[in-house]
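Trainee: Here it is, the structure in full.
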Amino acid sequence: MERPHLLMSTAGLAYKILTWGCQMNEDDSIQMANLLEQMGCVEAAEECDADIILLNTCSVREKPEQKVRSKIGEFRALKEAKPGLIVGVCGCMAQREGKALLKHGAPVDLVIGTACIHELPKLIEGALKSKRRVVADRMPEAWENNGGAESARVVCKTGKVGIKAFVPVMYGCNNHCTYCVVPSARGPERSRPVSDVMAEIKQLVAAGCRQVTLVGQNVNSYAGSCGKAADDTATFAELLTMVNDVKSLLRIRFTTSHPKDMSENLIRALEELPKVCEHLHLPIQSGDDEILDRMGRGYTAAHYLDLLERLRTRMPEVAVTTDIMVGFPGETHEQFLNTLELMNEVKYDAAFMFAFNPRPGTPAAKMDCQVEQKVKTLRLIELIAVQNEITLQKNKEELGTVFEVLVEGPSEKDPDMLTGYTRTNKTVNFPGKRSMIGKLAQVTAVKAHPWGFTGELAEGMSD
Ligand code: SF4
């Protein structure tokens, strides 16, 4: 992509991006950083050093929204001390609240919805030039209507490609889970064309990336165009097959999968494609059919368990992780026990666990029989305790295993150790030389933790 033609000079301006939320948001933040660097901006070490601060927000729960509001409040003093400072709110909150974020003299100059991130250079220039507050919050729409602009991305900041990268394959969601704000914050489902996805991956790999995670709200329903005819589309399994053929790419991951759209072809792709890692993140949300029905999830616990049985019969080594919510409106103690029972039956490698959080505008927020906060909290505590025990036990069972680890860099816990991930997405910290970073290592798991393993280089591997 060519450098954007800007009337105002942004060269040398310092930026800081704060991110909340999921991988889609993390990827959007990387994309915003790439756009800013293309404009000649440089990353600031601290917020107080920045000329542009962007808050990339999440609306899935109330807490991150509260944090954003309090952060915005903190910027009032900073803006008074530095009148040229541009503060932008981006992401799901920006999409949902739009110009309401400017109310009461909030120190916000830019509001950028989820569909307008690619317009960041133009919007910043507009704010700098006009000294007026700018709102870009139109609803995301199909590619055909926006000329594919949302799919065109700045792939990497010069010389700054990491070992692993997110690659969005689709945006938005056509499901309507009754607790979820994503469809209203990110719009209807739209799959990026195969050619865009493949070009981005090849560019990343040429710049040194070795692992891609294909991301989307529901990658299982990917249907990216791959020809001239409107109905000439590739399935997600077909896309994985193409990505698997990219030379020098070592690993492929993907998230998130929806149990109702998990096809036999996708299970086969997981099983057969050598670069696709043996890890599936498959949100269950609840182990109770009535709750699943009221959540609008479109599957039963039996369907979910059948999927996992088919998968594990063919790939016994596959790691399975999930998202689980407790305290959905009307959830009885028995229904909560059904979730615990499913959890004990599946024995997830790890889980993201939450208490139901009513979000404005969602059907679940208006449902009768909201569960008391203290009941939700107690259920969540119990759920986390059960899962933590399962995770540790599963890791202990794998002691002595020699894992293939993609070495990412020095460990945050101990900078004298290296850290990396197994193909099953478990963290391994082990002693080794920095020259191993970016390479695959064979590492024996010698100590199990709830977060993964301490390891040592397997016999025959020298550092
Ligand atoms: S599948 Fe459901 S939970 Fe996931 S993004 Fe779509 S509506 Fe939200």
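In the structure tokens, the first chain shown is A, the next is B, and so on; residue numbers restart at 1 for each chain, and ligands run from 1 in the order shown.
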Could you list the protein, DNA and RNA residues that have any atom within 6 Å of ligand 1, counting only C-alpha atoms and all ligand atoms, and write them as a PyMOL selection string?

Mentor: chain A and resi 173+175-177+180+182-183+217

Trainee: Applying 8 Å and only C-alpha atoms, which residues near A:Ile384 remain after dropping the ones on its own chain fewer than 4 positions away? List them as a ChimeraX atom specification.

Mentor: /A:353,380,388

Trainee: Taking C-alpha atoms for each residue, export the selection above as a PDB file, in the first residue's frame.

Mentor:
ATOM      1  CA  MET A 353     -14.386 -18.244  32.491  1.00  0.00           C
ATOM      2  CA  LEU A 380     -17.422 -18.459  38.980  1.00  0.00           C
ATOM      3  CA  ASN A 388      -7.434 -24.935  37.478  1.00  0.00           C
TER       4      ASN A 388
END

Trainee: Any idea what's packed within 12 Å of stretch 196-209 of chain A, counting only C-alpha atoms, ignoring anything in its chain fewer than 2 positions away? Could you give it as JSON, numbers by chain?

Mentor: {"A": [1, 148, 149, 150, 151, 152, 153, 154, 155, 156, 157, 158, 159, 160, 161, 162, 163, 164, 165, 166, 167, 168, 169, 170, 191, 192, 193, 194, 211, 212, 213, 214, 215, 222, 224, 225, 226, 234, 236, 239, 240, 241, 242, 243, 244, 245, 246, 247, 248, 249, 250, 251, 252, 406, 408, 437, 438, 439]}

Trainee: For the interface of stretch 342-430 of chain A with stretch 322-337 of chain A (cut-off 12 Å, counting only C-alpha atoms), please tabulate each contacting residue of stretch 342-430 of chain A alongside its nearest pair of atoms and their separation in Å to one decimal, rows sorted by chain and increasing number, as a tab-separated table.

Mentor:
residue	atom	partner	partner_atom	distance
A:Leu342	CA	A:Leu337	CA	8.6
A:Met343	CA	A:Ile324	CA	9.3
A:Asn344	CA	A:Leu337	CA	10.4
A:Val346	CA	A:Thr322	CA	10.3
A:Lys347	CA	A:Thr322	CA	10.4
A:Tyr348	CA	A:Thr322	CA	7.2
A:Asp349	CA	A:Thr322	CA	8.6
A:Ala350	CA	A:Thr322	CA	6.9
A:Ala351	CA	A:Thr322	CA	4.8
A:Phe352	CA	A:Asp323	CA	4.7
A:Met353	CA	A:Ile324	CA	4.9
A:Phe354	CA	A:Met325	CA	4.8
A:Ala355	CA	A:Val326	CA	4.9
A:Phe356	CA	A:Phe328	CA	5.3
A:Asn357	CA	A:Phe328	CA	8.2
A:Pro358	CA	A:Phe328	CA	8.9
A:Arg359	CA	A:Phe328	CA	12.0
A:Pro363	CA	A:Pro329	CA	10.5
A:Ala364	CA	A:Pro329	CA	6.9
A:Ala365	CA	A:Pro329	CA	8.2
A:Lys366	CA	A:Pro329	CA	9.1
A:Met367	CA	A:Pro329	CA	6.4
A:Asp368	CA	A:Pro329	CA	6.8
A:Cys369	CA	A:Gly330	CA	4.9
A:Gln370	CA	A:Pro329	CA	4.4
A:Val371	CA	A:Pro329	CA	5.6
A:Glu372	CA	A:Gly327	CA	8.1
A:Gln373	CA	A:Gly327	CA	8.3
A:Lys374	CA	A:Gly327	CA	9.9
A:Val375	CA	A:Gly327	CA	7.5
A:Lys376	CA	A:Gly327	CA	5.0
A:Thr377	CA	A:Gly327	CA	8.5
A:Leu378	CA	A:Val326	CA	9.7
A:Arg379	CA	A:Val326	CA	6.6
A:Leu380	CA	A:Val326	CA	6.3
A:Ile381	CA	A:Val326	CA	10.1
A:Glu382	CA	A:Val326	CA	10.2
A:Leu383	CA	A:Val326	CA	8.4
A:Ile384	CA	A:Ile324	CA	10.1
A:Val386	CA	A:Leu337	CA	11.8
A:Gln387	CA	A:Ile324	CA	10.7

Trainee: For the strand (DSSP E) assignment from backbone DSSP, which residues of stretch 267-363 of chain A qualify? Please present them as a list in words.

Mentor: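 Selecting the strand (DSSP E) positions of stretch 267-363 of chain A gives His279, Leu280, His281, Ala319, Val320, Thr321, Thr322, Asp323, Ile324, Met325, Val326, Ala350, Ala351, Phe352, Met353, Phe354 and Ala355 of chain A.
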
Trainee: Can I get the selected residues back with C-alpha atoms, as a PDB file, in the first residue's frame?

Mentor:
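And here's out-v5.pdb as it stands now:
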ATOM      1  CA  HIS A 279      -5.290 -26.968  19.319  1.00  0.00           C
ATOM      2  CA  LEU A 280      -8.952 -26.087  19.051  1.00  0.00           C
ATOM      3  CA  HIS A 281     -10.630 -23.253  20.910  1.00  0.00           C
ATOM      4  CA  ALA A 319      -5.655 -29.617  23.121  1.00  0.00           C
ATOM      5  CA  VAL A 320      -9.110 -28.156  23.593  1.00  0.00           C
ATOM      6  CA  THR A 321      -9.851 -24.828  25.245  1.00  0.00           C
ATOM      7  CA  THR A 322     -13.131 -23.031  25.719  1.00  0.00           C
ATOM      8  CA  ASP A 323     -15.129 -20.037  26.954  1.00  0.00           C
ATOM      9  CA  ILE A 324     -17.680 -20.629  29.718  1.00  0.00           C
ATOM     10  CA  MET A 325     -20.157 -18.261  31.253  1.00  0.00           C
ATOM     11  CA  VAL A 326     -21.960 -18.730  34.575  1.00  0.00           C
ATOM     12  CA  ALA A 350      -7.660 -24.333  29.670  1.00  0.00           C
ATOM     13  CA  ALA A 351     -10.748 -22.132  29.785  1.00  0.00           C
ATOM     14  CA  PHE A 352     -11.711 -18.470  29.820  1.00  0.00           C
ATOM     15  CA  MET A 353     -14.386 -18.244  32.491  1.00  0.00           C
ATOM     16  CA  PHE A 354     -16.760 -15.358  33.120  1.00  0.00           C
ATOM     17  CA  ALA A 355     -19.822 -14.372  35.085  1.00  0.00           C
TER      18      ALA A 355
END

Trainee: Write down as an MDAnalysis selection string the residues belonging to stretch 95-294 of chain A that are assigned helix (DSSP H, G or I) by DSSP computed on the backbone.

Mentor: chainID A and resid 95:105 117:130 143:146 149:151 182:186 194:206 219:221 236:244 259:261 264:272 289:294

Trainee: Which residues are near A:Val42? Cut-off 7 Å, only C-alpha atoms, ignore same chain within fewer than 2 positions. Put them as a PyMOL selection string.

Mentor: chain A and resi 12-15+37+40+44

Trainee: What does the structure give for the distance between atom CA of A:Gly172 and atom CA of A:Pro140, in Å to one decimal?

Mentor: 8.1 Å
